[in-house]
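Have a look at protein32.cif; it's mmCIF, C-alpha atoms:
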```
data_input
#
loop_
_atom_site.label_atom_id
_atom_site.label_comp_id
_atom_site.auth_asym_id
_atom_site.auth_seq_id
_atom_site.Cartn_x
_atom_site.Cartn_y
_atom_site.Cartn_z
CA MET A 1 -128.91 79.88 29.42
CA MET A 2 -127.98 82.41 26.72
CA ILE A 3 -124.18 82.49 26.68
CA GLU A 4 -124.32 85.42 24.23
CA GLU A 5 -125.44 87.64 27.10
CA LYS A 6 -122.56 86.62 29.38
CA LYS A 7 -118.90 87.47 29.74
CA VAL A 8 -116.94 84.22 29.33
CA LEU A 9 -113.68 83.10 30.91
CA VAL A 10 -111.72 80.43 28.99
CA VAL A 11 -109.44 78.51 31.35
CA GLY A 12 -106.32 77.08 29.68
CA THR A 13 -104.29 78.08 26.64
CA GLY A 14 -103.70 74.64 25.13
CA VAL A 15 -105.32 73.38 21.92
CA SER A 16 -108.80 73.08 23.48
CA GLY A 17 -108.66 76.47 25.20
CA ILE A 18 -107.53 78.25 22.06
CA ALA A 19 -110.23 76.57 19.93
CA ALA A 20 -112.89 77.54 22.51
CA ALA A 21 -111.69 81.14 22.61
CA GLU A 22 -111.67 81.36 18.80
CA LEU A 23 -115.24 80.05 18.62
CA LEU A 24 -116.41 82.58 21.21
CA LEU A 25 -114.70 85.44 19.35
CA ASP A 26 -116.32 84.24 16.10
CA LYS A 27 -119.67 84.56 17.87
CA LYS A 28 -118.78 88.10 19.06
CA ILE A 29 -118.91 87.07 22.73
CA ASP A 30 -117.00 89.05 25.35
CA THR A 31 -114.17 86.63 26.18
CA VAL A 32 -111.16 86.61 28.52
CA LEU A 33 -108.41 83.98 28.46
CA PHE A 34 -106.87 82.67 31.70
CA ASP A 35 -103.78 80.57 32.36
CA GLY A 36 -102.34 79.65 35.74
CA ASN A 37 -98.80 79.99 34.35
CA LYS A 38 -97.84 83.55 35.29
CA ASP A 39 -94.76 83.33 33.04
CA LEU A 40 -96.68 82.39 29.89
CA ASP A 41 -95.16 84.11 26.84
CA LEU A 42 -98.10 86.08 25.40
CA HIS A 43 -96.07 87.18 22.40
CA LYS A 44 -95.62 83.53 21.40
CA LEU A 45 -99.31 82.83 22.04
CA TYR A 46 -100.42 85.67 19.76
CA GLU A 47 -97.80 84.71 17.17
CA LYS A 48 -99.11 81.14 17.08
CA THR A 49 -102.76 82.24 17.11
CA PRO A 50 -103.07 85.71 15.50
CA LYS A 51 -106.87 85.52 15.83
CA LEU A 52 -106.47 85.92 19.59
CA SER A 53 -104.33 89.07 19.34
CA GLY A 54 -105.81 91.69 21.60
CA ILE A 55 -107.98 89.27 23.64
CA PRO A 56 -107.66 90.12 27.36
CA VAL A 57 -105.50 87.56 29.19
CA ILE A 58 -105.18 86.98 32.94
CA LEU A 59 -102.14 85.01 34.12
CA GLY A 60 -101.31 83.39 37.44
CA GLU A 61 -104.21 84.16 39.80
CA LEU A 62 -107.85 85.22 39.65
CA ASP A 63 -109.19 87.32 42.50
CA GLU A 64 -112.82 87.36 43.65
CA GLU A 65 -113.52 90.71 41.99
CA GLN A 66 -112.30 89.41 38.63
CA MET A 67 -114.40 86.25 39.03
CA ARG A 68 -117.57 88.25 39.55
CA GLN A 69 -117.32 89.64 36.00
CA PHE A 70 -118.05 86.26 34.41
CA GLY A 71 -121.25 84.34 33.78
CA VAL A 72 -119.56 81.25 32.32
CA ALA A 73 -116.12 79.64 32.64
CA VAL A 74 -115.12 77.20 29.88
CA LEU A 75 -112.59 74.69 31.24
CA SER A 76 -110.09 72.84 29.08
CA PRO A 77 -110.34 69.04 29.65
CA GLY A 78 -107.03 68.99 31.54
CA VAL A 79 -108.35 71.36 34.23
CA PRO A 80 -109.77 69.37 37.20
CA THR A 81 -113.28 70.48 38.14
CA ASP A 82 -112.44 70.34 41.86
CA LEU A 83 -109.55 72.82 41.75
CA PRO A 84 -109.91 75.51 44.45
CA MET A 85 -110.09 78.14 41.71
CA VAL A 86 -113.00 76.33 40.03
CA GLU A 87 -114.78 75.97 43.39
CA ARG A 88 -114.36 79.72 43.94
CA LEU A 89 -115.84 80.42 40.50
CA ARG A 90 -118.86 78.26 41.39
CA ALA A 91 -119.22 80.17 44.66
CA GLN A 92 -119.51 83.34 42.56
CA ASN A 93 -122.36 81.68 40.58
CA VAL A 94 -120.21 81.28 37.48
CA GLU A 95 -121.52 78.37 35.40
CA ILE A 96 -118.82 75.79 34.59
CA TRP A 97 -118.80 74.51 31.01
CA GLY A 98 -116.37 72.40 29.01
CA GLU A 99 -115.52 72.48 25.32
CA ILE A 100 -118.11 69.75 24.55
CA GLU A 101 -120.94 71.83 26.03
CA LEU A 102 -119.71 74.96 24.25
CA ALA A 103 -119.45 73.22 20.87
CA TYR A 104 -122.86 71.59 21.32
CA TYR A 105 -124.42 74.98 22.10
CA PHE A 106 -123.25 76.45 18.77
CA GLY A 107 -123.05 73.31 16.63
CA LYS A 108 -125.75 71.94 14.33
CA GLY A 109 -126.74 68.60 12.84
CA ARG A 110 -126.77 65.13 14.39
CA ILE A 111 -124.26 63.61 16.79
CA ILE A 112 -122.71 60.24 17.60
CA ALA A 113 -120.76 60.32 20.87
CA ILE A 114 -118.37 57.61 22.05
CA THR A 115 -116.78 57.06 25.45
CA GLY A 116 -115.27 54.20 27.45
CA THR A 117 -111.98 53.43 29.15
CA ASN A 118 -110.44 51.74 26.11
CA GLY A 119 -111.09 51.53 22.39
CA LYS A 120 -112.54 55.03 21.98
CA THR A 121 -110.13 56.23 19.31
CA THR A 122 -110.33 53.13 17.12
CA THR A 123 -114.13 53.03 17.39
CA THR A 124 -114.45 56.77 16.71
CA ALA A 125 -112.14 56.61 13.68
CA LEU A 126 -113.98 53.57 12.28
CA THR A 127 -117.43 55.07 12.89
CA GLY A 128 -116.24 58.31 11.27
CA GLU A 129 -115.13 56.43 8.16
CA ILE A 130 -118.47 54.59 7.96
CA MET A 131 -120.32 57.90 8.19
CA LYS A 132 -118.11 59.46 5.49
CA ASN A 133 -118.95 56.53 3.23
CA TYR A 134 -122.64 57.45 3.39
CA TYR A 135 -123.08 61.10 4.44
CA LYS A 136 -121.60 64.18 2.77
CA ASP A 137 -120.68 66.42 5.71
CA VAL A 138 -119.02 64.44 8.51
CA ARG A 139 -116.80 65.84 11.31
CA VAL A 140 -114.71 63.51 13.52
CA VAL A 141 -113.84 65.47 16.65
CA GLY A 142 -113.13 65.47 20.37
CA ASN A 143 -110.52 63.49 22.25
CA ILE A 144 -109.32 62.03 18.93
CA GLY A 145 -107.29 65.22 18.40
CA ILE A 146 -109.57 67.78 16.70
CA PRO A 147 -111.34 70.07 19.18
CA TYR A 148 -115.11 69.91 18.75
CA THR A 149 -115.16 73.70 19.17
CA SER A 150 -112.91 74.15 16.11
CA GLU A 151 -115.64 72.66 13.87
CA ALA A 152 -118.84 73.96 15.50
CA ALA A 153 -119.01 77.32 13.71
CA THR A 154 -119.22 75.78 10.22
CA MET A 155 -121.75 73.02 10.94
CA THR A 156 -125.15 72.89 9.22
CA ASP A 157 -128.33 70.92 9.84
CA GLU A 158 -126.91 68.25 7.50
CA THR A 159 -123.69 67.79 9.46
CA VAL A 160 -122.96 64.46 11.14
CA THR A 161 -120.54 64.75 14.06
CA VAL A 162 -118.70 61.72 15.46
CA ALA A 163 -117.15 62.69 18.79
CA GLU A 164 -114.73 60.81 21.02
CA ILE A 165 -115.42 62.04 24.53
CA SER A 166 -113.33 61.45 27.64
CA SER A 167 -114.52 61.28 31.24
CA PHE A 168 -112.78 64.66 31.78
CA GLN A 169 -114.97 66.23 29.09
CA LEU A 170 -118.14 64.59 30.39
CA GLU A 171 -117.71 66.22 33.80
CA THR A 172 -118.69 69.59 32.33
CA ILE A 173 -121.72 68.85 30.13
CA HIS A 174 -125.17 70.28 30.86
CA SER A 175 -127.44 70.05 27.81
CA PHE A 176 -125.21 67.97 25.48
CA CYS A 177 -127.37 65.25 23.93
CA PRO A 178 -126.14 62.86 21.20
CA ASN A 179 -128.57 61.06 18.89
CA VAL A 180 -126.56 57.87 19.37
CA SER A 181 -124.05 57.24 22.16
CA ALA A 182 -121.78 54.36 23.12
CA ILE A 183 -119.98 53.35 26.30
CA LEU A 184 -117.49 50.69 25.23
CA ASN A 185 -116.25 49.48 28.63
CA ILE A 186 -115.42 50.77 32.11
CA THR A 187 -112.28 49.72 33.99
CA PRO A 188 -110.23 51.67 36.57
CA ASP A 189 -108.49 54.71 35.06
CA HIS A 190 -107.82 58.37 35.91
CA LEU A 191 -108.52 57.77 39.59
CA ASN A 192 -105.96 60.49 40.37
CA ARG A 193 -108.49 62.88 38.75
CA HIS A 194 -111.87 61.34 39.68
CA HIS A 195 -110.70 60.03 43.10
CA THR A 196 -113.25 57.19 43.29
CA MET A 197 -114.41 54.52 40.86
CA GLU A 198 -118.01 55.60 41.48
CA ARG A 199 -117.28 59.14 40.26
CA TYR A 200 -115.43 57.81 37.21
CA ILE A 201 -118.34 55.50 36.31
CA GLN A 202 -120.82 58.36 36.78
CA ALA A 203 -118.83 60.59 34.43
CA LYS A 204 -118.91 57.91 31.72
CA GLU A 205 -122.61 57.17 32.15
CA ASP A 206 -123.41 60.89 31.94
CA ILE A 207 -122.96 60.68 28.16
CA THR A 208 -126.61 59.53 28.18
CA LYS A 209 -128.00 61.89 30.79
CA ASN A 210 -129.99 64.04 28.35
CA GLN A 211 -130.95 61.21 25.99
CA THR A 212 -134.48 59.77 25.74
CA LYS A 213 -135.91 56.42 24.63
CA ASP A 214 -136.13 57.86 21.09
CA GLN A 215 -132.33 57.81 21.07
CA VAL A 216 -129.85 54.95 21.34
CA CYS A 217 -126.99 53.99 23.65
CA VAL A 218 -124.72 51.11 22.60
CA LEU A 219 -123.32 49.12 25.53
CA ASN A 220 -120.92 46.22 26.07
CA TYR A 221 -122.96 43.33 27.49
CA GLU A 222 -119.79 41.71 28.92
CA ASP A 223 -119.04 44.70 31.14
CA ASP A 224 -120.82 44.13 34.47
CA VAL A 225 -121.14 47.87 35.19
CA LEU A 226 -122.65 48.58 31.78
CA ARG A 227 -125.00 45.60 31.79
CA GLU A 228 -126.41 46.91 35.08
CA PHE A 229 -126.56 50.46 33.70
CA GLY A 230 -128.51 49.15 30.70
CA GLU A 231 -131.41 48.41 33.03
CA CYS A 232 -131.84 52.10 33.89
CA SER A 233 -130.35 53.92 30.88
CA PRO A 234 -132.49 56.87 29.75
CA ALA A 235 -131.78 55.86 26.12
CA ARG A 236 -132.85 52.71 24.29
CA VAL A 237 -130.02 50.20 24.75
CA VAL A 238 -128.38 48.13 22.01
CA TYR A 239 -125.89 45.57 23.33
CA PHE A 240 -122.86 43.89 21.77
CA SER A 241 -121.05 40.82 23.11
CA SER A 242 -117.79 39.04 22.29
CA ARG A 243 -118.57 36.05 24.52
CA ARG A 244 -122.17 34.95 24.04
CA LYS A 245 -125.02 34.83 21.57
CA LEU A 246 -127.55 37.59 22.15
CA GLN A 247 -131.26 37.39 21.39
CA GLU A 248 -131.11 41.05 20.34
CA GLY A 249 -127.93 42.93 19.39
CA PHE A 250 -124.50 42.20 17.95
CA TYR A 251 -122.36 39.24 18.93
CA LEU A 252 -119.23 37.32 17.98
CA GLU A 253 -119.57 33.57 17.47
CA GLY A 254 -116.46 31.79 16.24
CA ASN A 255 -114.99 34.11 13.61
CA ILE A 256 -118.32 35.67 12.58
CA ILE A 257 -119.98 38.85 13.83
CA TYR A 258 -123.78 38.50 13.77
CA TYR A 259 -126.66 40.95 14.19
CA ALA A 260 -129.78 39.58 15.88
CA HIS A 261 -132.80 41.85 15.42
CA ASP A 262 -136.57 41.30 15.42
CA GLY A 263 -136.20 37.52 15.32
CA GLN A 264 -133.75 37.55 12.39
CA ILE A 265 -130.01 36.82 12.47
CA ILE A 266 -127.80 38.56 9.90
CA GLU A 267 -124.17 37.64 9.27
CA VAL A 268 -122.21 40.93 9.29
CA ILE A 269 -118.57 39.92 8.62
CA ASP A 270 -115.93 37.25 9.17
CA VAL A 271 -113.26 38.82 11.42
CA ASN A 272 -110.57 37.34 9.15
CA GLU A 273 -111.67 39.94 6.57
CA LEU A 274 -110.73 42.76 9.01
CA ASN A 275 -107.34 44.48 9.21
CA LEU A 276 -107.67 44.70 13.01
CA LEU A 277 -106.23 42.21 15.50
CA GLY A 278 -107.66 40.97 18.79
CA GLN A 279 -110.99 40.44 20.56
CA HIS A 280 -111.02 44.01 21.88
CA ASN A 281 -110.96 45.26 18.29
CA TYR A 282 -113.83 42.95 17.34
CA GLU A 283 -115.75 44.62 20.18
CA ASN A 284 -114.85 48.04 18.74
CA VAL A 285 -116.11 46.88 15.34
CA MET A 286 -119.41 45.65 16.80
CA ALA A 287 -119.90 48.96 18.63
CA ALA A 288 -119.22 50.94 15.44
CA VAL A 289 -121.62 48.77 13.41
CA ALA A 290 -124.31 49.03 16.11
CA MET A 291 -124.07 52.84 16.14
CA SER A 292 -124.04 53.07 12.34
CA VAL A 293 -127.04 50.79 11.81
CA ASN A 294 -128.98 52.82 14.37
CA PHE A 295 -127.94 56.00 12.59
CA GLY A 296 -129.49 54.87 9.33
CA VAL A 297 -126.47 53.56 7.41
CA PRO A 298 -127.21 50.48 5.24
CA MET A 299 -125.27 47.35 6.25
CA GLU A 300 -123.60 46.96 2.85
CA LYS A 301 -122.15 50.49 3.17
CA ILE A 302 -120.86 49.63 6.65
CA VAL A 303 -119.20 46.38 5.52
CA GLU A 304 -117.39 48.19 2.66
CA VAL A 305 -115.56 50.28 5.26
CA LEU A 306 -114.95 47.39 7.68
CA LYS A 307 -112.99 45.52 5.00
CA ARG A 308 -110.62 48.41 4.25
CA PHE A 309 -110.20 50.10 7.64
CA GLN A 310 -106.67 50.03 9.12
CA ALA A 311 -105.68 50.19 12.80
CA VAL A 312 -105.23 53.70 14.16
CA GLU A 313 -101.75 54.97 14.89
CA HIS A 314 -100.30 54.02 18.32
CA ARG A 315 -102.85 51.23 18.94
CA ILE A 316 -101.16 47.83 18.40
CA GLU A 317 -99.63 49.41 15.30
CA TYR A 318 -97.18 47.22 13.37
CA VAL A 319 -93.97 49.24 12.89
CA THR A 320 -91.40 47.02 11.14
CA GLU A 321 -89.52 43.73 11.26
CA LYS A 322 -85.75 43.56 11.80
CA ARG A 323 -83.70 40.35 12.03
CA GLY A 324 -86.98 38.44 12.26
CA VAL A 325 -88.14 40.51 15.28
CA ARG A 326 -91.46 42.35 14.87
CA PHE A 327 -92.03 45.71 16.56
CA TYR A 328 -95.46 46.95 17.64
CA ASN A 329 -96.38 50.43 18.90
CA ASP A 330 -99.21 50.37 21.43
CA SER A 331 -98.35 53.71 23.05
CA LYS A 332 -102.08 54.39 23.43
CA GLY A 333 -102.18 51.57 26.00
CA THR A 334 -102.12 54.18 28.79
CA ASN A 335 -103.79 52.05 31.48
CA PRO A 336 -103.54 48.38 32.53
CA ASP A 337 -106.77 47.30 30.85
CA ALA A 338 -105.75 48.78 27.49
CA ALA A 339 -102.32 47.16 27.83
CA ILE A 340 -103.97 43.78 28.53
CA GLN A 341 -105.57 44.01 25.08
CA GLY A 342 -102.14 44.67 23.58
CA ILE A 343 -100.72 41.50 25.15
CA ARG A 344 -103.72 39.44 24.10
CA ALA A 345 -103.22 40.49 20.48
CA MET A 346 -99.61 39.18 20.44
CA ASN A 347 -99.03 35.77 18.84
CA ARG A 348 -95.24 35.67 19.42
CA PRO A 349 -92.94 35.54 22.47
CA THR A 350 -92.80 39.19 23.49
CA PHE A 351 -90.43 41.70 25.03
CA LEU A 352 -92.83 44.14 26.68
CA ILE A 353 -91.87 47.78 27.35
CA GLY A 354 -94.00 49.28 30.14
CA GLY A 355 -94.09 52.03 32.74
CA GLY A 356 -94.58 55.78 32.82
CA TYR A 357 -96.59 58.31 34.81
CA ASP A 358 -98.39 57.03 37.92
CA LYS A 359 -102.19 57.44 37.63
CA GLN A 360 -102.67 55.41 40.84
CA SER A 361 -103.43 52.28 38.81
CA GLU A 362 -102.95 48.72 40.01
CA TYR A 363 -101.07 46.31 37.74
CA ASP A 364 -102.01 42.84 39.07
CA GLU A 365 -104.44 41.93 36.27
CA TRP A 366 -102.00 43.16 33.64
CA ILE A 367 -99.22 40.94 34.99
CA ASP A 368 -101.62 37.98 35.20
CA ALA A 369 -102.52 38.53 31.53
CA PHE A 370 -98.93 37.83 30.42
CA ASP A 371 -100.05 34.19 30.20
CA GLY A 372 -96.63 32.85 29.15
CA LYS A 373 -96.34 35.29 26.22
CA VAL A 374 -93.99 37.84 27.85
CA LYS A 375 -90.30 36.84 27.86
CA THR A 376 -89.06 40.00 29.60
CA LEU A 377 -90.80 43.02 31.10
CA VAL A 378 -88.69 46.11 30.38
CA LEU A 379 -89.63 49.03 32.62
CA ILE A 380 -89.13 52.79 32.43
CA GLY A 381 -90.55 55.89 34.09
CA GLN A 382 -92.04 56.81 37.44
CA THR A 383 -93.92 53.52 37.89
CA ALA A 384 -91.03 51.17 37.03
CA GLU A 385 -90.30 50.17 40.63
CA LYS A 386 -93.99 49.80 41.54
CA ILE A 387 -94.68 47.58 38.51
CA GLU A 388 -91.56 45.50 39.08
CA ALA A 389 -92.61 44.82 42.70
CA CYS A 390 -96.08 43.81 41.48
CA ALA A 391 -94.61 41.47 38.84
CA HIS A 392 -92.35 39.80 41.43
CA ARG A 393 -95.30 39.30 43.81
CA HIS A 394 -97.05 37.43 41.01
CA GLY A 395 -94.01 35.26 40.37
CA PHE A 396 -92.90 37.01 37.17
CA MET A 397 -89.22 37.66 37.88
CA ASN A 398 -87.82 38.42 34.42
CA THR A 399 -87.85 42.22 34.72
CA VAL A 400 -85.29 44.93 33.96
CA ARG A 401 -85.40 48.69 34.54
CA PHE A 402 -83.85 51.49 32.50
CA GLU A 403 -83.55 55.24 32.93
CA THR A 404 -84.08 56.08 29.27
CA PHE A 405 -86.52 55.00 26.57
CA GLU A 406 -83.71 54.41 24.08
CA GLU A 407 -81.84 52.06 26.46
CA ALA A 408 -85.03 50.02 26.91
CA ILE A 409 -85.59 49.65 23.16
CA HIS A 410 -81.95 48.71 22.51
CA TYR A 411 -82.05 46.11 25.30
CA CYS A 412 -85.08 44.46 23.67
CA TYR A 413 -83.43 44.41 20.25
CA ASP A 414 -80.15 43.04 21.63
CA HIS A 415 -81.88 40.15 23.45
CA ALA A 416 -84.76 39.27 21.08
CA VAL A 417 -84.34 36.47 18.56
CA ALA A 418 -86.04 35.79 15.23
CA GLY A 419 -89.70 34.99 15.86
CA ASP A 420 -89.99 37.32 18.87
CA ALA A 421 -91.95 40.56 19.13
CA VAL A 422 -91.13 43.84 20.89
CA LEU A 423 -94.27 45.57 22.13
CA LEU A 424 -94.46 49.09 23.54
CA SER A 425 -97.64 48.92 25.64
CA PRO A 426 -96.88 50.93 28.78
CA ALA A 427 -100.07 50.56 30.89
CA CYS A 428 -99.28 54.12 32.04
CA ALA A 429 -99.63 57.69 30.83
CA SER A 430 -96.67 59.30 29.10
CA TRP A 431 -96.41 62.46 31.22
CA GLY A 432 -93.07 63.09 32.85
CA MET A 433 -91.08 61.54 30.00
CA PHE A 434 -93.16 62.70 27.01
CA PRO A 435 -95.80 65.40 26.47
CA ASN A 436 -98.36 62.82 25.27
CA TYR A 437 -98.73 59.21 24.13
CA GLU A 438 -98.50 60.27 20.46
CA GLU A 439 -94.99 61.66 20.97
CA ARG A 440 -94.00 58.53 22.91
CA GLY A 441 -95.21 56.34 20.03
CA ARG A 442 -93.58 58.55 17.39
CA ILE A 443 -90.18 58.40 19.15
CA PHE A 444 -90.52 54.63 19.58
CA LYS A 445 -91.05 54.21 15.84
CA GLU A 446 -88.19 56.58 15.05
CA ILE A 447 -85.72 54.67 17.28
CA VAL A 448 -86.92 51.27 16.03
CA ARG A 449 -86.55 52.22 12.38
CA SER A 450 -83.01 53.46 13.04
CA LEU A 451 -81.90 50.12 14.56
CA GLU A 452 -79.17 48.51 12.48
CA GLU A 453 -79.91 45.13 10.93
#
```
Represent the structure contained in this file as structure tokens.
Amino acid sequence: MMIEEKKVLVVGTGVSGIAAAELLLDKKIDTVLFDGNKDLDLHKLYEKTPKLSGIPVILGELDEEQMRQFGVAVLSPGVPTDLPMVERLRAQNVEIWGEIELAYYFGKGRIIAITGTNGKTTTTALTGEIMKNYYKDVRVVGNIGIPYTSEAATMTDETVTVAEISSFQLETIHSFCPNVSAILNITPDHLNRHHTMERYIQAKEDITKNQTKDQVCVLNYEDDVLREFGECSPARVVYFSSRRKLQEGFYLEGNIIYYAHDGQIIEVIDVNELNLLGQHNYENVMAAVAMSVNFGVPMEKIVEVLKRFQAVEHRIEYVTEKRGVRFYNDSKGTNPDAAIQGIRAMNRPTFLIGGGYDKQSEYDEWIDAFDGKVKTLVLIGQTAEKIEACAHRHGFMNTVRFETFEEAIHYCYDHAVAGDAVLLSPACASWGMFPNYEERGRIFKEIVRSLEE
């Protein structure tokens, strides 16, 4: 479909919506901005984004007559695709796109695309650094914080794009086709949005839907869903494993990551040479190496980056040590499975701060993963009571609840002793208390650093 011939509705005025609207205006496409907030301050919007001054804006409601004007609606990732308004747009034969599809339509060059429940940001950042160590024009975009649409207009045939892509963004792709893709793992998450596990899995697997056997998809062999998907993936599959030796692919044996290929076994790196902690991070490393090798980067160039790469902010990030107590910020642990990785990485008795927005997750496996490491579970937010009840059912009784984030942090500091750790790894989204996990992590670090010795 030629979007240039259509009138386009951009739904949402957040970072993604604004970037999409700016790209469309750059391309001289007739564009209208929509936001369901009828009280949105347009003066502030235009002040913040002068480029959008004069663009038509509809606030509050869209009637059927207005809908009929449009050929395409570009949804921001936070807009559910099953909203009544979106269903009404479909009924008017309006094609539903997301920012990934829009950016792909106008972008150029080659693409690496990464999804999965956990580990996306670390793997995307690491893969981006590996690409920058070998290619000249590299863009790291998507769910990592830089809208793909904000970079698309300046891409050339030589551009390499590394994109972190969420299940929300994958719901609205049509022709998007990466040269190399990866699905790191699939565990329950965002079921309040996708409603069923089957729909969530389908969204993740759709990253490959336009790929062919000439292209590559990297999969986690230890994930049952992905191992089964590997049998029918449209792309050529490259596996990685943290638990067993593979005849073909990347695997961890002892402290060494190996690459088995065409009957040869190559030693890639000793994990003690990495600046990343935990088995989940070794999986992220294997995924990044697998994608990079299959994108044409020499192994020696990859290993150079592996040895210097630091953990991304908010993901088991060491903050400081006070009175012999170490503080770690794992605010990006926004679901139970991610938070399990945070606990597994701890090598000290731990005061664990958890709780937040309820995404309809279950917390049983998270509680079971405490494995004697957690001294006290300190709970905040909407899910505090639900998590506490779950912990007590599993026989973990040492729980406390607080109304404020600051009270929770001070409690941990007051009760921890030298040799302990305090870990923020909430197993929940931040909404309700904070606008996003980054702000939650930033405030945690700010409060921790202000604690008196």
### Task
Give me the residues within 6 Å of segment 301-315 of chain A as a ChimeraX atom specification, counting only C-alpha atoms and dropping any in the same chain fewer than 2 places off.
/A:122,130,273-276,298-299,317,329-332,441
### Task
Tell me which protein, DNA and RNA residues are within 9 Å of Leu424 of chain A, counting only C-alpha atoms, leaving out same-chain ones fewer than 4 positions away, and put them as a ChimeraX atom specification.
/A:316,327-331,333,342,351-354,409,441,444
Selection to disk with C-alpha atoms, as a PDB file, keeping the file's coordinate frame:
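The new file out-v5.pdb reads:
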```pdb
ATOM      1  CA  ILE A 316    -101.160  47.830  18.400  1.00  0.00           C
ATOM      2  CA  PHE A 327     -92.030  45.710  16.560  1.00  0.00           C
ATOM      3  CA  TYR A 328     -95.460  46.950  17.640  1.00  0.00           C
ATOM      4  CA  ASN A 329     -96.380  50.430  18.900  1.00  0.00           C
ATOM      5  CA  ASP A 330     -99.210  50.370  21.430  1.00  0.00           C
ATOM      6  CA  SER A 331     -98.350  53.710  23.050  1.00  0.00           C
ATOM      7  CA  GLY A 333    -102.180  51.570  26.000  1.00  0.00           C
ATOM      8  CA  GLY A 342    -102.140  44.670  23.580  1.00  0.00           C
ATOM      9  CA  PHE A 351     -90.430  41.700  25.030  1.00  0.00           C
ATOM     10  CA  LEU A 352     -92.830  44.140  26.680  1.00  0.00           C
ATOM     11  CA  ILE A 353     -91.870  47.780  27.350  1.00  0.00           C
ATOM     12  CA  GLY A 354     -94.000  49.280  30.140  1.00  0.00           C
ATOM     13  CA  ILE A 409     -85.590  49.650  23.160  1.00  0.00           C
ATOM     14  CA  GLY A 441     -95.210  56.340  20.030  1.00  0.00           C
ATOM     15  CA  PHE A 444     -90.520  54.630  19.580  1.00  0.00           C
TER      16      PHE A 444
END
```
### Task
Taking the file above as input, evaluate the PyMOL selection byres ((chain A and resi 69-82) around 6) and report the hits as a PyMOL selection string.
chain A and resi 6-12+16-17+66-68+83+94-98+168-169
### Message
Running the PyMOL selection byres ((chain A and resi 203) around 6) on this model by hand, what would come out? Give it as a ChimeraX atom specification.
### Response
/A:167,170-171,200-202,204-206
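The residues returned by the PyMOL selection byres ((chain A and resi 152) around 8) for this structure are Leu23, Ala103, Tyr104, Phe106, Gly107, Lys108, Tyr148, Thr149, Ser150, Glu151, Ala153, Thr154 and Met155 of chain A.
Using only C-alpha atoms for every distance, the candidate list A:Arg227, A:Lys38, A:Arg199, A:Lys48 yields A:Lys38 as the residue closest to Leu62 of chain A.
Across A:Lys245, A:His174, A:Arg401, A:Lys209, the tightest approach to Met1 of chain A is made by A:His174 when counting all atoms listed in the file.
Taking all atoms listed in the file, the non-local environment of segment 51-61 of chain A within 7 Å (same-chain residues fewer than 2 positions away omitted) comprises Glu22, Val32, Leu33, Phe34, Asp35, Gly36, Asn37, Lys38, Tyr46, Thr49 and Asp63 of chain A.
The interatomic distance for the pair atom CA of Tyr221 of chain A and atom CA of Gly128 of chain A works out to 23.1 Å.
Here atom CA of Gln360 of chain A and atom CA of Thr334 of chain A stand 12.1 Å from one another.
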### Task
Please indicate the distance in Å from atom CA of Pro349 of chain A to atom CA of Gly372 of chain A, rounded to one decimal place.
8.1 Å
### Message
Please return as a ChimeraX atom specification every residue within 7 Å of (-126.2, 42.3, 17.5), taking into account only C-alpha atoms and the file's own coordinates.
### Response
/A:239-240,246,248-251,258-261
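Excluding Asn143 of chain A itself and same-chain residues fewer than 2 positions from it, the residues having an atom within 6 Å of it are Gly145, Glu164 and Ile165 of chain A, counting only C-alpha atoms.
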As AutoDock Vina command-line options, please report the centre and edge lengths, rounded to one decimal in Å, of the axis-aligned box that holds all listed atoms of segment 326-343 of chain A with 6 Å of padding on each of the six sides.
```
--center_x -99.1 --center_y 47.9 --center_z 23.7 --size_x 27.3 --size_y 24.9 --size_z 29.7
```
